[in-house]
file entry34.cif (mmCIF, C-alpha atoms and all ligand atoms)
data_coords
loop_
_atom_site.label_atom_id
_atom_site.label_comp_id
_atom_site.auth_asym_id
_atom_site.auth_seq_id
_atom_site.Cartn_x
_atom_site.Cartn_y
_atom_site.Cartn_z
CA MET A 240 0.00 0.00 0.00
CA SER A 241 1.52 3.29 -1.06
CA MET A 242 -0.81 5.55 0.92
CA SER A 243 -3.69 5.01 3.31
CA PRO A 244 -6.87 4.99 1.17
CA ALA A 245 -8.67 7.19 3.71
CA ALA A 246 -5.84 9.74 3.65
CA ALA A 247 -5.84 9.75 -0.16
CA LEU A 248 -9.61 10.31 -0.24
CA ASP A 249 -9.26 13.08 2.37
CA ARG A 250 -6.75 14.85 0.16
CA VAL A 251 -9.04 14.55 -2.86
CA VAL A 252 -11.82 16.16 -0.82
CA TYR A 253 -9.54 19.03 0.18
CA LEU A 254 -8.45 19.67 -3.40
CA LEU A 255 -11.98 19.45 -4.81
CA ASP A 256 -13.18 21.97 -2.20
CA ARG A 257 -10.33 24.27 -3.18
CA ASP A 258 -11.62 24.00 -6.74
CA LEU A 259 -15.25 24.76 -5.75
CA ALA A 260 -16.32 21.37 -7.08
CA GLU A 261 -19.98 20.43 -6.92
CA GLY A 262 -21.09 19.64 -3.38
CA ARG A 263 -22.50 16.21 -4.19
CA ARG A 264 -19.24 15.14 -5.80
CA VAL A 265 -17.15 16.30 -2.84
CA GLN A 266 -19.53 14.60 -0.42
CA ALA A 267 -19.13 11.28 -2.25
CA TYR A 268 -15.37 11.37 -1.62
CA ALA A 269 -15.84 12.57 1.96
CA LYS A 270 -18.26 9.74 2.64
CA ALA A 271 -15.90 7.21 1.04
CA ALA A 272 -13.04 8.50 3.21
CA GLU A 273 -15.18 7.99 6.29
CA ILE A 274 -16.09 4.45 5.21
CA ALA A 275 -12.46 3.60 4.40
CA ARG A 276 -11.43 4.81 7.85
CA GLU A 277 -14.10 2.68 9.50
CA LEU A 278 -13.17 -0.44 7.53
CA GLY A 279 -9.45 0.03 8.13
CA ASP A 280 -6.63 -0.13 5.58
CA ASP A 281 -6.30 -3.94 5.61
CA GLU A 282 -9.98 -4.60 5.02
CA VAL A 283 -10.07 -1.99 2.24
CA ALA A 284 -7.03 -3.63 0.58
CA ARG A 285 -8.57 -7.10 0.93
CA ARG A 286 -11.86 -5.98 -0.63
CA HIS A 287 -10.00 -4.19 -3.41
CA ALA A 288 -7.98 -7.37 -4.08
CA ASP A 289 -11.03 -9.66 -4.27
CA GLY A 290 -13.03 -7.13 -6.27
CA THR A 291 -15.76 -6.49 -3.68
CA ILE A 292 -14.86 -2.94 -2.69
CA THR A 293 -17.68 -1.42 -4.76
CA ASP A 294 -20.15 -3.73 -2.96
CA VAL A 295 -19.63 -1.52 0.10
CA PRO A 296 -22.46 1.02 0.19
CA GLY A 297 -20.99 4.47 -0.39
CA ILE A 298 -18.02 3.29 -2.46
CA GLY A 299 -18.59 3.89 -6.16
CA LYS A 300 -16.67 3.98 -9.40
CA SER A 301 -14.70 7.21 -8.88
CA THR A 302 -13.99 6.68 -5.21
CA SER A 303 -12.87 3.06 -5.75
CA LYS A 304 -10.42 4.33 -8.36
CA VAL A 305 -8.69 6.43 -5.71
CA ILE A 306 -8.66 3.42 -3.39
CA ALA A 307 -7.12 1.26 -6.14
CA LEU A 308 -4.36 3.80 -6.73
CA ALA A 309 -3.68 4.04 -2.99
CA VAL A 310 -3.44 0.27 -2.61
CA ASP A 311 -1.67 -0.63 -5.88
CA GLY A 312 0.46 2.49 -6.26
CA GLY A 313 0.12 5.54 -8.48
CA ILE A 314 -1.80 7.70 -6.01
CA GLU A 315 1.08 10.17 -5.65
CA ASP A 316 0.99 10.99 -9.36
CA HIS A 317 -2.79 11.23 -9.35
CA LEU A 318 -2.77 13.63 -6.39
CA ALA A 319 0.07 15.67 -7.88
CA GLU A 320 -2.00 16.14 -11.01
CA LEU A 321 -5.02 17.20 -9.00
CA GLU A 322 -2.82 19.54 -6.91
CA ALA A 323 -1.54 21.20 -10.08
CA GLU A 324 -5.01 21.52 -11.60
CA THR A 325 -6.50 23.13 -8.48
CA THR A 326 -3.67 25.41 -7.37
CA ILE A 327 -4.96 28.90 -6.60
CA PRO A 328 -2.95 31.34 -8.70
CA ILE A 329 -1.63 34.54 -7.16
CA GLY A 330 -0.39 37.57 -9.04
CA GLU A 331 0.02 41.17 -7.93
CA GLY A 332 -1.60 40.38 -4.56
CA ALA A 333 1.26 38.18 -3.37
CA ALA A 334 2.68 40.79 -1.00
CA LEU A 335 -0.75 41.46 0.52
CA ARG A 336 -1.36 37.76 0.96
CA ALA A 337 1.96 37.49 2.77
CA ALA A 338 0.86 40.33 5.07
CA LEU A 339 -2.37 38.61 6.14
CA LYS A 340 -2.21 37.06 9.60
CA GLY A 341 -5.61 35.42 9.61
CA ASP A 342 -9.05 35.01 8.10
CA CYS A 343 -12.12 36.69 9.61
CA HIS A 344 -14.95 34.69 8.02
CA SER A 345 -15.23 30.89 8.19
CA HIS A 346 -17.78 28.17 8.91
CA SER A 347 -17.72 24.72 10.47
CA LEU A 348 -20.00 21.69 10.84
CA TRP A 349 -21.69 23.62 13.65
CA SER A 350 -23.65 25.51 10.96
CA ASP A 351 -23.42 24.72 7.23
CA GLY A 352 -19.69 24.03 6.91
CA GLY A 353 -18.31 20.64 5.96
CA ALA A 354 -15.56 20.19 8.55
CA THR A 355 -14.91 20.31 12.27
CA ILE A 356 -13.60 23.47 13.91
CA GLU A 357 -10.35 21.64 14.55
CA ALA A 358 -9.91 20.64 10.89
CA MET A 359 -10.54 24.24 9.82
CA ALA A 360 -8.08 25.56 12.40
CA ARG A 361 -5.37 23.07 11.50
CA THR A 362 -5.67 24.01 7.84
CA ALA A 363 -5.45 27.70 8.71
CA MET A 364 -2.29 26.90 10.68
CA ALA A 365 -0.85 25.02 7.71
CA LEU A 366 -1.52 28.08 5.54
CA GLY A 367 0.61 30.15 7.88
CA HIS A 368 -2.18 31.99 9.69
CA GLU A 369 -1.85 33.07 13.32
CA TYR A 370 -5.59 32.96 13.85
CA LEU A 371 -8.91 32.00 12.32
CA VAL A 372 -12.14 33.73 13.22
CA LEU A 373 -14.93 31.16 13.31
CA THR A 374 -18.13 32.82 12.17
CA ASP A 375 -20.90 30.25 11.99
CA HIS A 376 -24.39 31.41 11.04
CA SER A 377 -26.99 32.90 13.38
CA PRO A 378 -30.27 31.20 14.46
CA ARG A 379 -32.76 32.50 11.94
CA LEU A 380 -30.71 31.20 9.03
CA THR A 381 -32.30 27.81 9.60
CA ILE A 382 -31.30 26.35 6.20
CA ALA A 383 -27.69 26.85 7.33
CA HIS A 384 -28.36 25.40 10.82
CA GLY A 385 -27.65 28.74 12.46
CA LEU A 386 -26.60 28.55 16.10
CA ASN A 387 -29.02 29.65 18.78
CA ARG A 388 -27.72 31.14 22.02
CA GLU A 389 -27.26 27.76 23.74
CA ARG A 390 -25.33 26.19 20.87
CA LEU A 391 -23.18 29.28 20.50
CA LEU A 392 -22.33 29.07 24.20
CA GLU A 393 -21.40 25.41 23.70
CA GLN A 394 -19.26 26.37 20.75
CA LEU A 395 -17.38 28.91 22.87
CA ASP A 396 -16.45 26.10 25.29
CA GLU A 397 -15.29 23.92 22.42
CA ILE A 398 -13.14 26.76 21.06
CA ALA A 399 -11.61 27.39 24.49
CA ARG A 400 -10.71 23.70 24.71
CA LEU A 401 -9.22 23.64 21.19
CA ASN A 402 -7.23 26.80 21.82
CA GLU A 403 -5.42 25.13 24.71
CA GLU A 404 -4.42 22.36 22.36
CA LEU A 405 -3.47 24.51 19.36
CA THR A 406 -1.66 27.37 21.09
CA PRO A 407 0.05 29.61 19.97
CA PHE A 408 -2.45 29.44 17.09
CA ARG A 409 -5.75 31.03 18.07
CA ILE A 410 -9.30 30.38 17.01
CA LEU A 411 -11.07 33.68 17.59
CA THR A 412 -14.75 33.56 18.48
CA GLY A 413 -17.21 35.10 16.09
CA ILE A 414 -20.45 34.90 14.20
CA GLU A 415 -21.83 35.72 10.79
CA VAL A 416 -24.89 37.41 12.15
CA ASP A 417 -27.84 37.78 9.85
CA ILE A 418 -29.00 41.33 9.17
CA LEU A 419 -32.76 40.95 9.55
CA GLU A 420 -35.18 42.75 7.27
CA ASP A 421 -35.56 45.69 9.65
CA GLY A 422 -31.80 46.02 10.17
CA ALA A 423 -31.79 44.27 13.54
CA LEU A 424 -29.14 41.66 14.25
CA ASP A 425 -30.03 37.99 14.69
CA GLN A 426 -28.35 37.34 18.05
CA ASP A 427 -28.56 38.66 21.63
CA VAL A 428 -26.52 41.79 22.20
CA ASP A 429 -24.67 40.33 25.19
CA MET A 430 -23.50 37.45 22.97
CA LEU A 431 -22.38 39.81 20.21
CA GLU A 432 -20.50 41.79 22.85
CA ARG A 433 -18.79 38.69 24.08
CA LEU A 434 -17.51 37.50 20.68
CA ASP A 435 -14.13 38.61 19.36
CA VAL A 436 -15.26 39.50 15.83
CA VAL A 437 -18.74 39.97 14.35
CA VAL A 438 -19.41 39.74 10.61
CA ALA A 439 -22.89 40.95 9.64
CA SER A 440 -24.46 39.92 6.34
CA VAL A 441 -27.72 40.04 4.45
CA HIS A 442 -29.01 36.59 3.45
CA SER A 443 -32.73 37.12 2.89
CA LYS A 444 -34.96 39.46 0.87
CA LEU A 445 -31.98 40.42 -1.26
CA ARG A 446 -34.31 42.09 -3.77
CA MET A 447 -35.91 44.62 -1.43
CA PRO A 448 -36.13 48.18 -2.79
CA ALA A 449 -32.94 50.22 -2.53
CA PRO A 450 -34.15 52.73 0.10
CA GLU A 451 -35.17 49.90 2.46
CA MET A 452 -31.99 47.91 1.81
CA THR A 453 -29.88 51.02 2.47
CA ARG A 454 -31.63 51.64 5.79
CA ARG A 455 -31.32 47.95 6.72
CA MET A 456 -27.58 47.86 6.04
CA VAL A 457 -26.83 51.20 7.70
CA LEU A 458 -28.61 50.15 10.88
CA ALA A 459 -26.45 47.01 11.06
CA VAL A 460 -23.23 48.82 10.19
CA ALA A 461 -23.93 51.44 12.86
CA SER A 462 -24.11 48.81 15.60
CA PRO A 463 -21.00 49.04 17.78
CA HIS A 464 -21.01 45.22 17.83
CA VAL A 465 -20.62 44.81 14.08
CA ASP A 466 -17.01 44.75 12.89
CA ILE A 467 -17.23 43.62 9.27
CA LEU A 468 -19.92 43.97 6.62
CA GLY A 469 -19.98 40.58 4.82
CA HIS A 470 -20.50 40.08 1.04
CA CYS A 471 -22.32 43.41 0.73
CA THR A 472 -24.10 42.96 -2.61
CA GLY A 473 -25.08 39.30 -2.22
CA ARG A 474 -24.30 38.68 -5.88
CA LYS A 475 -23.33 35.30 -7.33
CA VAL A 476 -21.36 35.23 -10.54
CA VAL A 477 -21.09 31.48 -11.19
CA GLY A 478 -23.77 29.19 -12.62
CA THR A 479 -27.24 30.70 -12.71
CA GLY A 480 -25.84 33.56 -10.64
CA ARG A 481 -27.70 36.16 -8.61
CA PRO A 482 -27.86 39.90 -9.26
CA GLN A 483 -26.49 42.42 -6.78
CA SER A 484 -28.78 43.86 -4.16
CA THR A 485 -29.47 47.51 -4.79
CA PHE A 486 -28.69 50.10 -2.12
CA ASP A 487 -27.22 53.58 -1.88
CA ALA A 488 -23.58 52.59 -1.64
CA ASP A 489 -22.43 56.09 -0.74
CA ILE A 490 -24.61 56.08 2.35
CA VAL A 491 -23.69 52.53 3.35
CA PHE A 492 -19.95 53.08 2.95
CA ALA A 493 -20.12 56.48 4.64
CA ALA A 494 -21.68 54.64 7.59
CA CYS A 495 -18.95 51.97 7.45
CA ALA A 496 -16.34 54.72 7.63
CA ARG A 497 -18.17 56.62 10.37
CA PHE A 498 -18.67 53.56 12.58
CA ASP A 499 -15.36 51.96 11.63
CA THR A 500 -16.95 48.81 10.20
CA ALA A 501 -14.71 47.07 7.68
CA VAL A 502 -16.02 46.21 4.22
CA GLU A 503 -15.34 42.60 3.36
CA ILE A 504 -13.69 41.48 0.17
CA ASN A 505 -15.37 38.10 -0.02
CA CYS A 506 -13.00 35.73 -1.82
CA ARG A 507 -15.48 33.00 -2.71
CA PRO A 508 -15.10 32.47 -6.46
CA GLU A 509 -18.86 32.47 -6.98
CA ARG A 510 -19.30 35.71 -5.00
CA GLN A 511 -16.30 37.96 -5.74
CA ASP A 512 -18.05 40.58 -3.70
CA PRO A 513 -17.97 43.57 -3.90
CA PRO A 514 -17.33 44.23 -7.57
CA GLU A 515 -14.35 46.52 -8.19
CA GLU A 516 -16.27 49.73 -8.83
CA LEU A 517 -18.08 49.36 -5.50
CA LEU A 518 -14.86 48.47 -3.72
CA GLN A 519 -13.32 51.63 -5.15
CA LEU A 520 -16.22 53.60 -3.69
CA ALA A 521 -15.58 52.03 -0.26
CA LEU A 522 -11.95 53.13 -0.57
CA ASP A 523 -13.02 56.64 -1.57
CA TRP A 524 -14.99 56.74 1.68
CA ASP A 525 -11.84 55.60 3.50
CA CYS A 526 -13.34 52.34 4.76
CA ARG A 527 -11.28 49.61 6.30
CA ILE A 528 -11.18 46.33 4.39
CA SER A 529 -11.15 42.68 5.45
CA ILE A 530 -10.02 39.98 2.99
CA ASP A 531 -11.92 36.82 3.91
CA THR A 532 -12.56 33.42 2.38
CA ASP A 533 -16.02 32.69 3.84
CA ALA A 534 -14.69 29.11 3.77
CA HIS A 535 -17.22 26.34 4.37
CA ALA A 536 -14.51 23.64 4.02
CA PRO A 537 -10.76 23.44 4.72
CA GLY A 538 -9.68 23.62 1.05
CA GLN A 539 -11.63 26.87 0.69
CA LEU A 540 -9.39 28.58 3.24
CA GLU A 541 -6.91 28.84 0.36
CA TRP A 542 -9.02 31.42 -1.50
CA GLN A 543 -7.51 34.61 -0.09
CA PRO A 544 -5.28 35.16 -3.17
CA TYR A 545 -8.40 36.05 -5.17
CA GLY A 546 -9.19 38.91 -2.81
CA CYS A 547 -5.56 39.94 -2.47
CA ASP A 548 -5.15 40.27 -6.24
CA LYS A 549 -8.29 42.39 -6.38
CA ALA A 550 -7.10 44.57 -3.48
CA ALA A 551 -3.69 45.01 -5.11
CA ARG A 552 -5.29 46.05 -8.42
CA LEU A 553 -7.01 48.86 -6.51
CA GLY A 554 -3.83 49.82 -4.69
CA ILE A 555 -5.09 48.92 -1.21
CA GLU A 556 -2.34 49.23 1.41
CA PRO A 557 -1.87 46.54 4.10
CA GLU A 558 -2.56 49.12 6.86
CA ARG A 559 -6.15 49.41 5.64
CA ILE A 560 -6.75 45.66 5.87
CA VAL A 561 -7.92 44.52 9.31
CA ASN A 562 -6.63 40.97 9.01
CA THR A 563 -3.06 42.17 8.65
CA MET A 564 -3.38 42.95 12.38
CA SER A 565 -2.23 40.57 15.08
CA ALA A 566 -4.99 38.74 16.93
CA ASP A 567 -4.71 41.06 19.92
CA ASP A 568 -4.86 44.20 17.79
CA LEU A 569 -7.78 42.83 15.81
CA ILE A 570 -9.72 42.09 19.00
CA ALA A 571 -8.90 45.53 20.40
CA TRP A 572 -10.05 47.19 17.17
CA ALA A 573 -13.26 45.14 17.13
CA ALA A 574 -14.04 46.32 20.65
CA SER A 575 -13.44 49.98 19.85
CA HIS A 576 -16.25 51.08 17.50
CA PRO A 577 -17.88 54.40 18.26
CA THR A 578 -21.40 54.07 19.61
CA GLU A 579 -22.76 57.28 18.15
ZN ZN B 601 -22.97 29.39 5.00
ZN ZN B 602 -22.92 34.83 4.29
#
call {"tool": "encode", "arguments": {"input": "entry34.cif", "output": "structure tokens", "more": "lines below"}}
Ligand SMILES: [Zn+2]
Ligand SMILES: [Zn+2]
result
Amino acid sequence: MSMSPAAALDRVVYLLDRDLAEGRRVQAYAKAAEIARELGDDEVARRHADGTITDVPGIGKSTSKVIALAVDGGIEDHLAELEAETTIPIGEGAALRAALKGDCHSHSLWSDGGATIEAMARTAMALGHEYLVLTDHSPRLTIAHGLNRERLLEQLDEIARLNEELTPFRILTGIEVDILEDGALDQDVDMLERLDVVVASVHSKLRMPAPEMTRRMVLAVASPHVDILGHCTGRKVVGTGRPQSTFDADIVFAACARFDTAVEINCRPERQDPPEELLQLALDWDCRISIDTDAHAPGQLEWQPYGCDKAARLGIEPERIVNTMSADDLIAWAASHPTE
């Protein structure tokens, strides 16, 4: 056996996630990895040898091919090919990427992510980050299994436990709090106060008229608990796509500047939010910027180069980017927003 089949399947999952592969396809490999781990390497090899591996529910044609390569040899070449195909390119943003110390927007299995907090944190460590802000969804985003108060409290305990193990790396506590239709935030204020970093985003009624959307966003941005405005237009540029929400960007970005709320460059390839002309407007208003992956899986934590290239094209300096700060400085900044 040249490589553990489960480890090979795990790596395929990571690389497919990095490539924004279709969820069902990634899940097939993830499920196969889990099955291979349960069966154990010897049993997997035995079943591969006697031709019964695809009789195991959850092991199909593509996943058994990876198993065959892991058992018989050739997996290294196969993975190297996949590595090369899915490498995230970086151009003029290389220096900015090197200046980033962490990622302020990420999800785990606790909401709609595909991996444990620990797996996300260990990947962030491997990418050279000093910290990862975990920002699972808030309760009313039920399709994303948003965390209610009790589960968020449980998550804080889990993070405290993991931080002891992973030190000096730090998982910072956070939330991607839903901006409700009236501009209110979908979590108790004392919880928002307690978290290190709060990302606030619109996820519903994206088509509301511009005056209402402007008011909704400004109310959220003006909250002293909100640190980062997530994917501000809500657009999707891949597949069937989704148009941008309409709002008065001058007013929203003026509020971001006034209340020192950073505007997120969301690096997800299907979001690429905000578009460059809007980002330029945020810079004209002197807003701070955060370059975040919004990763829902470990491989997606590699997406920051997309945002860094965009930031570099617009001449954004590292001093303007909140996640070039150390963890302590970031937390201090997040606690310092003016209240009026
Ligand atoms: Zn999500
Ligand atoms: Zn979001």
call {"tool": "residues_near_ligand", "arguments": {"input": "entry34.cif", "ligand": "ligand ZN 602 (chain B)", "cutoff": "9 Å", "atoms": "all atoms listed in the file", "output": "PyMOL selection string"}}
result
chain A and resi 344+376+415-417+438-442+469-470+473+533
call {"tool": "closest_residue", "arguments": {"input": "entry34.cif", "among": "A:Asp425, A:Asp523, A:Glu389, A:Glu324", "to": "Val251 of chain A", "atoms": "only C-alpha atoms"}}
result
A:Glu324
call {"tool": "residues_near_ligand", "arguments": {"input": "entry34.cif", "ligand": "ligand ZN 601 (chain B)", "cutoff": "10 Å", "atoms": "all atoms listed in the file", "output": "MDAnalysis selection string"}}
result
chainID A and resid 345:347 350:353 374:377 380 382:385 415 442 533:535
call {"tool": "residues_near_point", "arguments": {"input": "entry34.cif", "point": "(-12.6, 27.1, 18.2)", "cutoff": "8 Å", "atoms": "all atoms listed in the file", "output": "PyMOL selection string"}}
result
chain A and resi 356-357+360+373+394-395+397-402+409-412
call {"tool": "closest_residue", "arguments": {"input": "entry34.cif", "among": "A:Arg285, A:Thr485, A:Ala365, A:Lys475", "to": "Met447 of chain A", "atoms": "only C-alpha atoms"}}
result
A:Thr485
call {"tool": "closest_residue", "arguments": {"input": "entry34.cif", "among": "A:Ile414, A:Ile528, A:Ala246, A:Ala272", "to": "Glu556 of chain A", "atoms": "all atoms listed in the file"}}
result
A:Ile528
call {"tool": "closest_residue", "arguments": {"input": "entry34.cif", "among": "A:Ala323, A:Arg388, A:Pro407, A:Ala284", "to": "His368 of chain A", "atoms": "all atoms listed in the file"}}
result
A:Pro407
call {"tool": "closest_residue", "arguments": {"input": "entry34.cif", "among": "A:Trp542, A:Trp349, A:Trp572, A:Tyr370", "to": "Ile467 of chain A", "atoms": "all atoms listed in the file"}}
result
A:Trp572
call {"tool": "atom_distance", "arguments": {"input": "entry34.cif", "atom1": "atom CA of Ala573 of chain A", "atom2": "atom CA of Leu517 of chain A"}}
result
23.5 Å
call {"tool": "residues_near_point", "arguments": {"input": "entry34.cif", "point": "(-12.9, 59.7, 6.3)", "cutoff": "8 Å", "atoms": "all atoms listed in the file", "output": "compact mmCIF listing (two decimals) with C-alpha atoms, in the coordinates of the input"}}
result
# COMPACT_ATOMS: atom_id res chain seq x y z
CA ALA A 496 -16.34 54.72 7.63
CA ARG A 497 -18.17 56.62 10.37
CA TRP A 524 -14.99 56.74 1.68
CA ASP A 525 -11.84 55.60 3.50
CA CYS A 526 -13.34 52.34 4.76
